[in-house]
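Novice: Supplied structure: work-v2.tsv, TSV, C-alpha atoms and all ligand atoms.
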```
chain	number	residue	atom	x	y	z
A	1	MET	CA	25.82	21.56	52.62
A	2	ALA	CA	24.83	17.93	52.46
A	3	THR	CA	26.27	16.03	49.52
A	4	ALA	CA	24.25	14.10	46.97
A	5	THR	CA	25.63	10.84	48.24
A	6	GLN	CA	24.48	11.68	51.77
A	7	ALA	CA	21.04	10.10	52.05
A	8	ALA	CA	18.27	12.33	53.37
A	9	LYS	CA	16.89	10.93	56.60
A	10	TYR	CA	13.14	10.73	57.06
A	11	GLN	CA	11.27	9.25	59.96
A	12	PRO	CA	8.05	7.60	58.65
A	13	LYS	CA	4.89	9.10	60.09
A	14	GLN	CA	1.11	8.99	60.08
A	15	LEU	CA	-0.88	12.00	58.97
A	16	GLN	CA	-4.54	12.57	59.54
A	17	LEU	CA	-6.28	14.34	56.67
A	18	ARG	CA	-9.05	16.89	57.10
A	19	ASP	CA	-11.67	14.28	56.20
A	20	GLY	CA	-10.43	11.93	58.93
A	21	ARG	CA	-8.54	9.50	56.69
A	22	GLN	CA	-5.05	8.52	57.70
A	23	VAL	CA	-2.07	8.14	55.44
A	24	SER	CA	1.39	6.82	56.23
A	25	VAL	CA	4.30	8.74	54.80
A	26	ARG	CA	7.68	7.17	54.10
A	27	LYS	CA	10.54	7.42	51.66
A	28	MET	CA	10.05	5.76	48.28
A	29	THR	CA	12.32	2.83	47.50
A	30	PRO	CA	13.09	0.94	44.24
A	31	GLU	CA	10.56	-1.71	45.33
A	32	ASP	CA	7.76	0.84	44.85
A	33	LYS	CA	8.11	0.80	41.07
A	34	SER	CA	4.95	-1.17	40.29
A	35	ALA	CA	2.88	0.77	42.85
A	36	ILE	CA	4.01	4.05	41.25
A	37	LEU	CA	3.09	2.77	37.79
A	38	GLU	CA	-0.32	1.74	39.10
A	39	PHE	CA	-0.75	5.18	40.70
A	40	ALA	CA	0.30	6.93	37.48
A	41	ARG	CA	-2.08	4.88	35.38
A	42	SER	CA	-4.94	5.78	37.69
A	43	LEU	CA	-4.47	9.51	37.05
A	44	PRO	CA	-7.00	11.22	34.78
A	45	GLU	CA	-5.98	11.86	31.18
A	46	GLU	CA	-6.01	15.62	31.84
A	47	ASP	CA	-3.34	15.23	34.54
A	48	LEU	CA	-1.26	12.90	32.40
A	49	LEU	CA	-1.31	15.44	29.60
A	50	PHE	CA	0.56	17.91	31.78
A	51	LEU	CA	2.90	15.64	33.71
A	52	ARG	CA	6.46	16.92	33.67
A	53	THR	CA	7.69	13.41	32.88
A	54	ASP	CA	5.53	10.52	31.72
A	55	ILE	CA	5.46	8.39	34.85
A	56	THR	CA	3.19	5.83	33.19
A	57	ASP	CA	6.31	4.77	31.25
A	58	PRO	CA	8.37	2.11	33.13
A	59	SER	CA	11.66	3.47	31.74
A	60	VAL	CA	10.85	6.92	33.16
A	61	VAL	CA	10.16	5.34	36.56
A	62	ASP	CA	13.48	3.46	36.25
A	63	ALA	CA	15.26	6.81	35.71
A	64	TRP	CA	13.40	8.20	38.76
A	65	ILE	CA	14.57	5.22	40.83
A	66	GLU	CA	18.11	5.73	39.59
A	67	ASN	CA	17.92	9.31	40.87
A	68	LEU	CA	16.71	8.02	44.24
A	69	ARG	CA	19.73	5.71	44.34
A	70	LYS	CA	22.12	8.53	43.46
A	71	GLY	CA	20.54	10.80	46.06
A	72	ASN	CA	19.52	13.43	43.50
A	73	THR	CA	15.85	12.81	44.23
A	74	VAL	CA	14.06	12.14	47.49
A	75	THR	CA	10.44	11.06	47.19
A	76	LEU	CA	7.99	10.75	50.03
A	77	LEU	CA	5.07	8.42	49.41
A	78	ALA	CA	1.77	8.78	51.22
A	79	GLU	CA	-0.04	5.47	51.43
A	80	GLY	CA	-3.75	5.19	52.07
A	81	ALA	CA	-5.66	2.07	53.03
A	82	ASP	CA	-4.85	0.16	49.84
A	83	LEU	CA	-2.84	2.25	47.43
A	84	ILE	CA	-0.62	5.30	47.00
A	85	ALA	CA	-2.53	8.44	47.96
A	86	GLY	CA	0.14	10.77	46.65
A	87	TYR	CA	3.77	11.69	46.65
A	88	ALA	CA	6.12	14.63	46.92
A	89	SER	CA	9.60	14.72	45.44
A	90	ALA	CA	12.54	17.02	45.93
A	91	HIS	CA	15.03	16.93	43.12
A	92	ARG	CA	18.41	18.62	43.06
A	93	ASP	CA	21.50	18.73	40.93
A	94	GLU	CA	24.64	19.61	42.85
A	95	ALA	CA	26.72	19.98	39.70
A	96	ARG	CA	24.76	23.00	38.56
A	97	TRP	CA	25.18	26.61	39.65
A	98	THR	CA	21.49	26.51	40.62
A	99	ARG	CA	22.40	23.91	43.27
A	100	ARG	CA	20.76	26.02	45.99
A	101	VAL	CA	17.40	25.52	44.25
A	102	GLY	CA	15.62	22.18	44.32
A	103	GLU	CA	12.59	21.19	42.31
A	104	VAL	CA	9.46	20.02	44.03
A	105	ARG	CA	6.79	17.83	42.48
A	106	ILE	CA	3.61	16.97	44.29
A	107	ASN	CA	0.95	14.65	43.02
A	108	ALA	CA	-2.18	13.54	44.85
A	109	ALA	CA	-4.54	10.78	43.69
A	110	THR	CA	-7.85	12.28	42.61
A	111	GLY	CA	-9.69	10.60	45.48
A	112	TYR	CA	-7.39	12.31	47.97
A	113	ARG	CA	-7.46	15.88	46.65
A	114	GLY	CA	-8.85	18.75	48.64
A	115	ALA	CA	-8.28	17.05	52.01
A	116	GLY	CA	-4.97	18.68	52.88
A	117	LEU	CA	-2.69	15.94	51.50
A	118	GLY	CA	-0.86	18.28	49.09
A	119	ARG	CA	-0.21	20.76	51.91
A	120	ALA	CA	0.96	18.02	54.27
A	121	LEU	CA	3.29	16.51	51.68
A	122	ALA	CA	4.68	19.96	50.88
A	123	ALA	CA	5.48	20.49	54.56
A	124	GLU	CA	7.19	17.11	54.78
A	125	ILE	CA	9.25	17.52	51.61
A	126	PHE	CA	10.31	21.03	52.63
A	127	GLU	CA	11.72	19.58	55.83
A	128	VAL	CA	13.71	17.11	53.73
A	129	ALA	CA	14.82	19.91	51.38
A	130	ARG	CA	16.07	21.99	54.30
A	131	SER	CA	18.01	19.01	55.64
A	132	LEU	CA	19.69	18.77	52.23
A	133	GLY	CA	20.77	22.41	52.46
A	134	LEU	CA	18.39	23.64	49.76
A	135	LYS	CA	17.34	27.28	50.00
A	136	LYS	CA	14.54	27.50	47.49
A	137	MET	CA	12.15	25.08	45.90
A	138	ALA	CA	10.89	25.55	42.37
A	139	ALA	CA	7.63	24.14	41.10
A	140	MET	CA	6.97	23.91	37.40
A	141	MET	CA	3.67	23.56	35.66
A	142	THR	CA	2.04	24.68	32.47
A	143	GLN	CA	0.06	27.89	32.51
A	144	ASP	CA	-3.12	25.88	31.81
A	145	GLN	CA	-2.87	24.10	35.17
A	146	THR	CA	-4.85	26.78	36.93
A	147	GLY	CA	-5.90	24.52	39.83
A	148	ALA	CA	-2.31	23.51	40.56
A	149	ARG	CA	-1.19	27.14	40.32
A	150	THR	CA	-3.83	28.25	42.85
A	151	ALA	CA	-2.93	25.34	45.13
A	152	PHE	CA	0.77	26.24	45.05
A	153	GLU	CA	-0.04	29.92	45.65
A	154	ARG	CA	-2.07	28.83	48.70
A	155	LEU	CA	1.02	26.95	49.87
A	156	GLY	CA	3.05	30.16	49.65
A	157	PHE	CA	4.69	29.80	46.23
A	158	THR	CA	5.07	32.88	44.06
A	159	VAL	CA	5.47	33.13	40.30
A	160	GLU	CA	9.08	33.58	39.18
A	161	ALA	CA	8.69	33.33	35.43
A	162	MET	CA	6.45	32.41	32.56
A	163	LEU	CA	8.30	30.93	29.61
A	164	THR	CA	6.41	31.02	26.32
A	165	GLU	CA	5.90	27.71	24.49
A	166	TRP	CA	8.72	26.20	26.54
A	167	VAL	CA	7.34	22.68	26.92
A	168	GLU	CA	5.34	20.14	24.95
A	169	ASP	CA	2.46	18.17	26.37
A	170	ARG	CA	2.01	14.44	25.73
A	171	ARG	CA	0.19	15.23	22.50
A	172	GLY	CA	3.11	17.31	21.25
A	173	HIS	CA	1.34	20.67	21.67
A	174	PRO	CA	3.47	23.60	22.87
A	175	ARG	CA	2.56	25.04	26.30
A	176	ASP	CA	3.74	27.99	28.33
A	177	LEU	CA	5.75	26.98	31.40
A	178	LEU	CA	5.11	28.62	34.74
A	179	VAL	CA	7.99	28.56	37.22
A	180	MET	CA	7.00	29.19	40.84
A	181	SER	CA	9.24	29.25	43.88
A	182	TYR	CA	9.14	28.89	47.62
A	183	ASP	CA	11.79	30.08	50.05
A	184	VAL	CA	12.46	27.05	52.29
A	185	ALA	CA	15.25	28.85	54.12
A	186	GLY	CA	13.00	31.83	54.96
A	187	PHE	CA	10.70	32.57	57.82
A	188	ASN	CA	7.39	32.96	55.99
A	189	ASP	CA	6.89	29.24	55.94
A	190	GLN	CA	3.17	28.92	55.26
A	191	ALA	CA	3.23	25.26	54.34
A	192	THR	CA	4.67	24.01	57.59
A	193	THR	CA	2.38	25.80	59.98
A	194	SER	CA	0.03	22.85	60.58
A	195	PRO	CA	0.02	22.26	64.33
A	196	ALA	CA	1.63	19.03	65.47
A	197	GLN	CA	-0.95	16.62	66.85
A	198	SER	CA	1.52	14.26	68.41
A	199	GLU	CA	5.05	13.11	67.76
A	200	ASP	CA	3.96	10.55	65.16
A	201	THR	CA	0.53	11.64	63.95
A	202	ARG	CA	-0.19	15.06	62.58
A	203	ARG	CA	-3.60	16.41	61.63
A	204	VAL	CA	-3.49	18.53	58.46
B	1	LIG	C1	-1.85	20.39	43.18
B	1	LIG	C2	-2.20	19.23	44.11
B	1	LIG	C3	-0.93	18.51	44.52
B	1	LIG	C4	-2.93	19.75	45.36
B	1	LIG	O1	-3.15	18.64	46.23
B	1	LIG	P1	-4.35	18.63	47.29
B	1	LIG	O2	-4.15	17.47	48.20
B	1	LIG	O3	-5.65	18.70	46.61
B	1	LIG	O4	-4.08	19.99	48.07
B	1	LIG	P2	-4.64	20.45	49.50
B	1	LIG	O5	-5.96	19.80	49.78
B	1	LIG	O6	-3.57	20.27	50.52
B	1	LIG	O7	-4.85	21.99	49.25
B	1	LIG	C5	-3.81	22.95	49.41
B	1	LIG	C6	-4.38	24.32	49.17
B	1	LIG	O8	-4.61	24.51	47.76
B	1	LIG	C7	-5.98	24.77	47.49
B	1	LIG	N1	-6.32	24.00	46.29
B	1	LIG	C8	-6.06	22.68	46.08
B	1	LIG	N2	-6.50	22.32	44.85
B	1	LIG	C9	-7.04	23.43	44.30
B	1	LIG	C10	-7.68	23.70	43.04
B	1	LIG	N3	-7.84	22.74	42.11
B	1	LIG	N4	-8.09	24.95	42.80
B	1	LIG	C11	-7.94	25.92	43.73
B	1	LIG	N5	-7.35	25.74	44.94
B	1	LIG	C12	-6.92	24.51	45.22
B	1	LIG	C13	-6.72	24.29	48.70
B	1	LIG	O9	-7.92	25.02	48.89
B	1	LIG	C14	-5.73	24.51	49.82
B	1	LIG	O10	-5.75	25.82	50.28
B	1	LIG	P3	-6.02	26.14	51.84
B	1	LIG	O11	-5.33	25.04	52.64
B	1	LIG	O12	-5.38	27.46	52.04
B	1	LIG	O13	-7.49	26.11	51.96
B	1	LIG	C15	-3.17	18.22	43.39
B	1	LIG	O14	-4.24	18.93	42.86
B	1	LIG	C16	-2.51	17.44	42.27
B	1	LIG	O15	-1.94	16.38	42.52
B	1	LIG	N6	-2.59	17.93	41.02
B	1	LIG	C17	-1.99	17.22	39.86
B	1	LIG	C18	-0.47	17.29	39.88
B	1	LIG	C19	0.05	18.70	39.72
B	1	LIG	O16	-0.42	19.47	38.89
B	1	LIG	N7	1.07	19.06	40.53
B	1	LIG	C20	1.63	20.41	40.46
B	1	LIG	C21	2.91	20.46	39.71
B	1	LIG	S1	4.25	19.67	40.57
```
Take the structure in this file and express it as structure tokens.
Ligand SMILES: CC(C)(COP(=O)(O)OP(=O)(O)OC[C@H]1O[C@@H](n2cnc3c(N)ncnc32)[C@H](O)[C@@H]1OP(=O)(O)O)[C@@H](O)C(=O)NCCC(=O)NCCS
Specialist:
Amino acid sequence: MATATQAAKYQPKQLQLRDGRQVSVRKMTPEDKSAILEFARSLPEEDLLFLRTDITDPSVVDAWIENLRKGNTVTLLAEGADLIAGYASAHRDEARWTRRVGEVRINAATGYRGAGLGRALAAEIFEVARSLGLKKMAAMMTQDQTGARTAFERLGFTVEAMLTEWVEDRRGHPRDLLVMSYDVAGFNDQATTSPAQSEDTRRV
């Protein structure tokens, strides 16, 4: 298995979305801090309410960047014409007995939803996860996030558990946590079935 200090390799690429727009995908670096904060602050209040960590807070983004440095997190950024269109992260913790399971987070800017970006980013981050030796990816969301749940089910995730009043939203209200998983080591890989358009540009 790859070690945490071993950096995940990712060859930047162009993806063509279903509506014809192109995005470039590359690994996030510490220099992306202000762009991430700008992206986070552009998200609707409803999304922010349910974010797993408050990425509008610079200290939270600093901790994220620290995880990138340590190799515990790999984030792929999709950039549109002027700003971040979305990102996907794979997070792992090799010190834990759940080290075979990584956590995936996907976030698309509202103007980019429904065009295949989430699916494309999932496919890309799963490739990274596999290269890190991860077997399963977990996605966590509150039970109220019905759109995200349906989207992840469409990507091939299944529900593993529902934990009652496990998390608090930004307003301090308790919420049920839904844990979903996807078998990246398996053969029923629904998220990565988009046909390759060319070596460097894929249509999703
Ligand atoms: C969940 C999310 C990443 C999906 O991104 P997206 O770019 O809109 O997704 P796609 O366009 O690639 O759609 C993927 C599939 O999910 C379905 N889908 C996407 N959003 C959906 C919604 N709100 N309701 C129902 N289905 C939805 C699509 O129809 C598609 O299915 P198909 O390809 O089989 O037709 C995006 O809505 C988002 O960023 N949400 C906020 C963050 C979040 O909750 N993340 C999940 C926890 S990590």
Novice: Kindly work out which residues sit at most 7 Å from ligand LIG 1 (chain B), using all atoms listed in the file, and give the list as a PyMOL selection string.
Specialist: chain A and resi 47+104-109+112-120+139-141+145-148+150-152+154-155
Novice: Expressed in Å to a single decimal, how great is the separation between atom CA of A:Leu178 and atom CA of A:Lys27?
Specialist: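 Atom-to-atom, atom CA of A:Leu178 and atom CA of A:Lys27 are spaced 27.7 Å apart.
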Novice: Figure out the distance between atom CA of A:Arg18 and atom CA of A:His91, please, to one decimal in Å.
Specialist: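 Interatomic distance here is 27.8 Å.
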Novice: For atom CA of A:Glu127 and atom CA of A:Ala185, determine how far apart the two atoms are, in Å to one decimal place.
Specialist: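 Computing it gives 10.1 Å between the two atoms.
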Novice: Just checking: using only C-alpha atoms, which residue out of A:His173, A:Arg92, A:Arg69, A:Lys136 ends up closest to A:Gly186?
Specialist: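 Checking each candidate against A:Gly186, we get A:Lys136 as the closest.
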Novice: Env of A:Met137: 7 Å cut, atoms = all atoms listed in the file, seq-sep filter 6 positions within chain, self excluded. Answer as a list in words.
Specialist: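 Counting only the stated atoms, we get Val101, Gly102, Glu103, Val104, Ser181, Tyr182, Asp183 and Val184 of chain A.
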Novice: Might you pull out every residue within 10 Å of A:Val179, with all atoms listed in the file counted and same-chain residues fewer than 4 positions away left off, and present them as a list in words?
Specialist: Ala138, Ala139, Met140, Met141, Thr142, Gln143, Arg149, Phe157, Thr158, Val159, Glu160, Ala161, Met162 and Leu163 of chain A
Novice: A:Ala63, A:Val128, A:Leu49, A:Thr56: which is nearest A:Ala88, counting only C-alpha atoms?
Specialist: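 Among the listed residues, the smallest separation from A:Ala88 belongs to A:Val128.
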Novice: Find the residues near A:Lys33: any atom within 8 Å, counting all atoms listed in the file, skip ones fewer than 6 places away on the same chain, and give them as a ChimeraX atom specification.
Specialist: /A:61-62,65
Novice: Using all atoms listed in the file, find the one residue out of A:Ser59, A:Thr98, A:Ser42, A:Ser89 that sits nearest to A:Ala122.
Specialist: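 Of A:Ser59, A:Thr98, A:Ser42, A:Ser89, the one nearest A:Ala122 is A:Ser89, counting all atoms listed in the file.
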Novice: Around the point (3.0, 10.0, 28.5) in the file's coordinates, collect all residues with an atom within 12 Å, using all atoms listed in the file, and return them as JSON, numbers by chain.
Specialist: {"A": [37, 40, 41, 43, 44, 45, 46, 47, 48, 49, 50, 51, 52, 53, 54, 55, 56, 57, 58, 59, 60, 61, 168, 169, 170, 171, 172]}
Novice: Which polymer residues have any atom within 8 Å of an atom of stretch 22-24 of chain A, counting only C-alpha atoms, with same-chain residues fewer than 6 positions away left out, as a list in words?
Specialist: Pro12, Lys13, Gln14, Leu15, Gln16, Leu77, Ala78, Glu79, Gly80, Ala81 and Ala85 of chain A
Novice: Would you please work out which residue, of A:Val25, A:Ile84, A:Ala95, A:Met180, is nearest to A:Ile125 when using all atoms listed in the file?
Specialist: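 Using all atoms listed in the file, the shortest distance to A:Ile125 belongs to A:Val25.
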